[in-house]
file coords.cif (mmCIF, C-alpha atoms)
data_entry
loop_
_atom_site.label_atom_id
_atom_site.label_comp_id
_atom_site.auth_asym_id
_atom_site.auth_seq_id
_atom_site.Cartn_x
_atom_site.Cartn_y
_atom_site.Cartn_z
CA VAL M 18 5.72 -20.01 96.40
CA GLU M 19 6.79 -22.26 93.50
CA TYR M 20 9.88 -20.05 93.07
CA ILE M 21 10.72 -20.37 96.79
CA LYS M 22 10.33 -24.16 96.72
CA GLU M 23 12.66 -24.49 93.73
CA ASP M 24 15.16 -21.94 95.03
CA TRP M 25 15.44 -23.69 98.40
CA GLY M 26 15.74 -27.09 96.72
CA LEU M 27 18.84 -26.30 94.61
CA ILE M 28 22.31 -26.77 96.08
CA PRO M 29 25.63 -25.87 94.41
CA ILE M 30 27.89 -28.45 92.78
CA ASN M 31 31.56 -27.48 93.09
CA PHE M 32 34.37 -28.93 90.98
CA ASN M 33 38.07 -28.76 91.79
CA LEU M 34 40.83 -29.29 89.22
CA SER M 35 44.15 -30.57 90.48
CA ASN M 36 47.43 -30.91 88.58
CA PRO M 37 49.81 -33.06 90.67
CA SER M 38 52.32 -33.35 87.79
CA SER M 39 55.41 -31.26 87.05
CA ILE M 40 54.13 -29.93 83.69
CA SER M 41 51.45 -27.45 82.72
CA ILE M 42 48.22 -28.86 81.36
CA ARG M 43 46.58 -26.79 78.64
CA ASP M 44 43.28 -26.79 76.79
CA ILE M 45 41.38 -28.76 79.41
CA PHE M 46 37.91 -29.90 78.39
CA ILE M 47 35.67 -31.75 80.83
CA ASP M 48 32.61 -33.60 79.56
CA ILE M 49 30.21 -34.69 82.32
CA ARG M 50 27.11 -36.73 81.60
CA CYS M 51 24.44 -38.24 83.78
CA LYS M 52 21.18 -40.02 83.14
CA LYS M 53 18.08 -37.91 83.66
CA THR M 54 15.24 -38.97 85.89
CA LYS M 55 12.16 -37.13 87.10
CA ASP M 56 13.63 -37.13 90.63
CA PHE M 57 16.37 -34.48 90.14
CA LEU M 58 17.55 -31.64 87.93
CA ILE M 59 20.87 -29.97 87.13
CA THR M 60 21.00 -26.33 86.08
CA ARG M 61 23.45 -23.47 85.59
CA ASP M 62 21.30 -20.92 87.39
CA LYS M 63 19.05 -20.86 90.38
CA ALA M 64 15.52 -19.88 89.55
CA LYS M 65 15.08 -16.20 88.93
CA LYS M 66 12.58 -14.47 91.17
CA PRO M 67 9.45 -13.90 89.10
CA LYS M 68 8.24 -10.37 88.52
CA ALA M 69 4.76 -9.50 89.68
CA GLU M 70 3.36 -9.62 86.14
CA ASP M 71 5.01 -12.95 85.23
CA ASN M 72 2.93 -16.11 85.24
CA SER M 73 6.00 -18.36 85.42
CA PHE M 74 9.79 -18.36 85.36
CA THR M 75 12.43 -20.05 83.23
CA ILE M 76 15.82 -21.56 83.92
CA ASN M 77 18.59 -20.38 81.61
CA PHE M 78 20.67 -23.15 80.00
CA SER M 79 23.93 -23.06 78.00
CA GLU M 80 25.31 -19.66 78.89
CA SER M 81 29.10 -19.21 78.79
CA PHE M 82 31.15 -16.70 80.69
CA ASP M 83 34.70 -16.07 81.91
CA GLY M 84 35.72 -17.63 85.20
CA LEU M 85 37.52 -15.81 87.96
CA ILE M 86 40.89 -17.43 87.17
CA GLY M 87 41.84 -17.52 83.50
CA LYS M 88 39.48 -18.12 80.62
CA SER M 89 36.99 -20.86 81.28
CA THR M 90 33.45 -21.69 80.30
CA ALA M 91 30.67 -23.84 81.69
CA GLN M 92 27.56 -25.02 79.90
CA VAL M 93 24.64 -27.20 80.89
CA ALA M 94 22.48 -28.82 78.25
CA GLU M 95 20.06 -31.68 78.24
CA SER M 96 18.85 -34.29 75.81
CA ASP M 97 15.82 -36.53 76.24
CA ASP M 98 17.71 -38.93 78.50
CA GLU M 99 20.75 -37.15 79.97
CA TYR M 100 22.24 -33.94 81.33
CA ILE M 101 25.43 -32.77 79.64
CA LEU M 102 27.80 -30.47 81.54
CA GLN M 103 30.78 -29.15 79.62
CA ILE M 104 33.56 -27.19 81.29
CA SER M 105 36.66 -25.87 79.58
CA TYR M 106 39.69 -24.40 81.27
CA GLU M 107 42.60 -22.64 79.59
CA ALA M 108 45.59 -23.96 81.58
CA LEU M 109 46.51 -25.46 84.91
CA GLN M 110 50.01 -24.91 86.27
CA PRO M 111 52.05 -27.73 87.90
CA GLN M 112 51.19 -28.57 91.52
CA ARG M 113 48.13 -26.30 91.38
CA ASN M 114 44.52 -26.74 92.49
CA VAL M 115 41.71 -24.49 91.32
CA ASN M 116 37.99 -24.43 91.98
CA ILE M 117 35.72 -24.05 89.01
CA THR M 118 34.07 -20.69 89.60
CA HIS M 119 30.93 -21.23 87.52
CA PRO M 120 27.73 -21.91 89.41
CA LEU M 121 26.14 -25.30 88.82
CA PHE M 122 23.19 -26.47 90.90
CA ILE M 123 21.49 -29.78 91.57
CA GLY M 124 18.17 -30.41 93.24
CA GLY M 125 15.97 -33.40 93.85
CA THR M 126 12.84 -34.67 95.47
CA LYS M 127 14.21 -37.74 97.26
CA LYS M 128 17.38 -39.20 98.76
CA GLN M 129 19.46 -40.69 95.94
CA ASN M 130 22.94 -41.26 94.54
CA ILE M 131 23.52 -39.62 91.17
CA GLU M 132 26.40 -40.92 89.03
CA LEU M 133 28.31 -38.44 86.88
CA GLU M 134 30.36 -39.94 84.04
CA VAL M 135 33.37 -37.64 83.63
CA LYS M 136 35.85 -37.49 80.74
CA VAL M 137 38.77 -35.06 80.96
CA TYR M 138 40.60 -34.11 77.77
CA ALA M 139 43.80 -32.04 77.59
CA ASP M 140 46.50 -31.27 75.05
CA CYS M 141 49.08 -33.49 76.77
CA PHE M 142 46.81 -36.50 77.45
CA PRO M 143 47.11 -39.31 74.89
CA ASN M 144 43.59 -40.46 75.89
CA PRO M 145 40.88 -38.85 77.98
CA LEU M 146 40.81 -39.58 81.70
CA ASN M 147 37.61 -41.38 82.70
CA GLN M 148 36.09 -41.13 86.15
CA ILE M 149 32.74 -41.84 87.79
CA LEU M 150 31.76 -39.29 90.45
CA THR M 151 28.82 -39.88 92.76
CA VAL M 152 26.69 -37.12 94.23
CA ASP M 153 24.85 -38.15 97.39
CA LEU M 154 21.72 -36.04 97.25
CA SER M 155 19.83 -35.87 100.54
CA PRO M 156 17.14 -33.20 100.32
CA VAL M 157 15.67 -31.91 103.52
CA ASN M 158 11.94 -32.50 103.40
CA ILE M 159 10.38 -29.60 105.24
CA ARG M 160 6.62 -29.60 104.99
CA ARG M 161 5.12 -26.14 104.76
CA THR M 162 1.97 -24.78 103.27
CA PRO M 163 2.23 -21.86 100.82
CA SER M 164 0.88 -19.56 103.54
CA GLN M 165 3.53 -20.74 106.02
CA ILE M 166 6.30 -20.07 103.47
CA LEU M 167 5.00 -16.56 102.81
CA GLU M 168 4.66 -15.88 106.53
CA GLU M 169 8.20 -17.12 107.15
CA LEU M 170 9.48 -14.74 104.47
CA GLU M 171 7.42 -11.98 106.07
CA ILE M 172 5.48 -11.43 102.85
CA MET M 173 2.20 -12.17 104.56
CA LYS M 174 1.56 -11.37 108.17
#

call {"tool": "encode", "arguments": {"input": "coords.cif", "output": "structure tokens"}}
result
Amino acid sequence: VEYIKEDWGLIPINFNLSNPSSISIRDIFIDIRCKKTKDFLITRDKAKKPKAEDNSFTINFSESFDGLIGKSTAQVAESDDEYILQISYEALQPQRNVNITHPLFIGGTKKQNIELEVKVYADCFPNPLNQILTVDLSPVNIRRTPSQILEELEIMK
């Protein structure tokens, strides 16, 4: 039941890169930071379904892998007071938009606005681009007992 509650509470965060210029942008590195609170979490993976013999489950942080378009990586880490998301992308052609293909998820316990401080570095930028993005998190609060959840999933009848 704890797995189901966490799984249902995580929604994907999608990022889109856009290059409106007439030149290619190479070696793109995006550093995203946000202050941690007890009211939300950011993760790379949804919770893995526990095996019957497991007493708990873990969320996997800081894995890298190739994206669907070109070589890119995404990592999520955390310090005591902030989440750190780091995305790198090999190159972005002129007049091109791409979606970051790595899964990132956010979940929370209450309605809130979460500010992401974004810095974008690239080989042709003299200084990083700075941007504040706001995620409007509005979780649906559906009250169910553990038995109701299991019945809904047809685990218990």

call {"tool": "closest_residue", "arguments": {"input": "coords.cif", "among": "M:Phe57, M:Tyr106, M:Tyr100, M:Phe142", "to": "Lys128 (chain M)", "atoms": "only C-alpha atoms"}}
result
M:Phe57

call {"tool": "resolve_selection", "arguments": {"input": "coords.cif", "expression": "the PyMOL selection byres ((chain M and resi 151) around 7)", "output": "VMD selection string"}}
result
chain M and resid 130 to 133 149 to 150 152 to 153

call {"tool": "write_last_selection", "arguments": {"input": "coords.cif", "atoms": "C-alpha atoms", "output": "PDB file, in the coordinates of the input"}}
result
ATOM      1  CA  ASN M 130      22.940 -41.260  94.540  1.00  0.00           C
ATOM      2  CA  ILE M 131      23.520 -39.620  91.170  1.00  0.00           C
ATOM      3  CA  GLU M 132      26.400 -40.920  89.030  1.00  0.00           C
ATOM      4  CA  LEU M 133      28.310 -38.440  86.880  1.00  0.00           C
ATOM      5  CA  ILE M 149      32.740 -41.840  87.790  1.00  0.00           C
ATOM      6  CA  LEU M 150      31.760 -39.290  90.450  1.00  0.00           C
ATOM      7  CA  VAL M 152      26.690 -37.120  94.230  1.00  0.00           C
ATOM      8  CA  ASP M 153      24.850 -38.150  97.390  1.00  0.00           C
TER       9      ASP M 153
END

call {"tool": "closest_residue", "arguments": {"input": "coords.cif", "among": "M:Glu95, M:Ser39, M:Ile101, M:Arg61", "to": "Val135 (chain M)", "atoms": "all atoms listed in the file"}}
result
M:Ile101

call {"tool": "atom_distance", "arguments": {"input": "coords.cif", "atom1": "CA of Lys52 (chain M)", "atom2": "CA of Ala139 (chain M)"}}
result
24.6 Å

call {"tool": "resolve_selection", "arguments": {"input": "coords.cif", "expression": "the PyMOL selection byres ((chain M and resi 59) around 12)", "output": "ChimeraX atom specification"}}
result
/M:23,26-30,49-58,60-64,76-79,92-95,99-102,120-125,131,133,152,154

call {"tool": "atom_distance", "arguments": {"input": "coords.cif", "atom1": "CA of Ile117 (chain M)", "atom2": "CA of Asn33 (chain M)"}}
result
6.0 Å
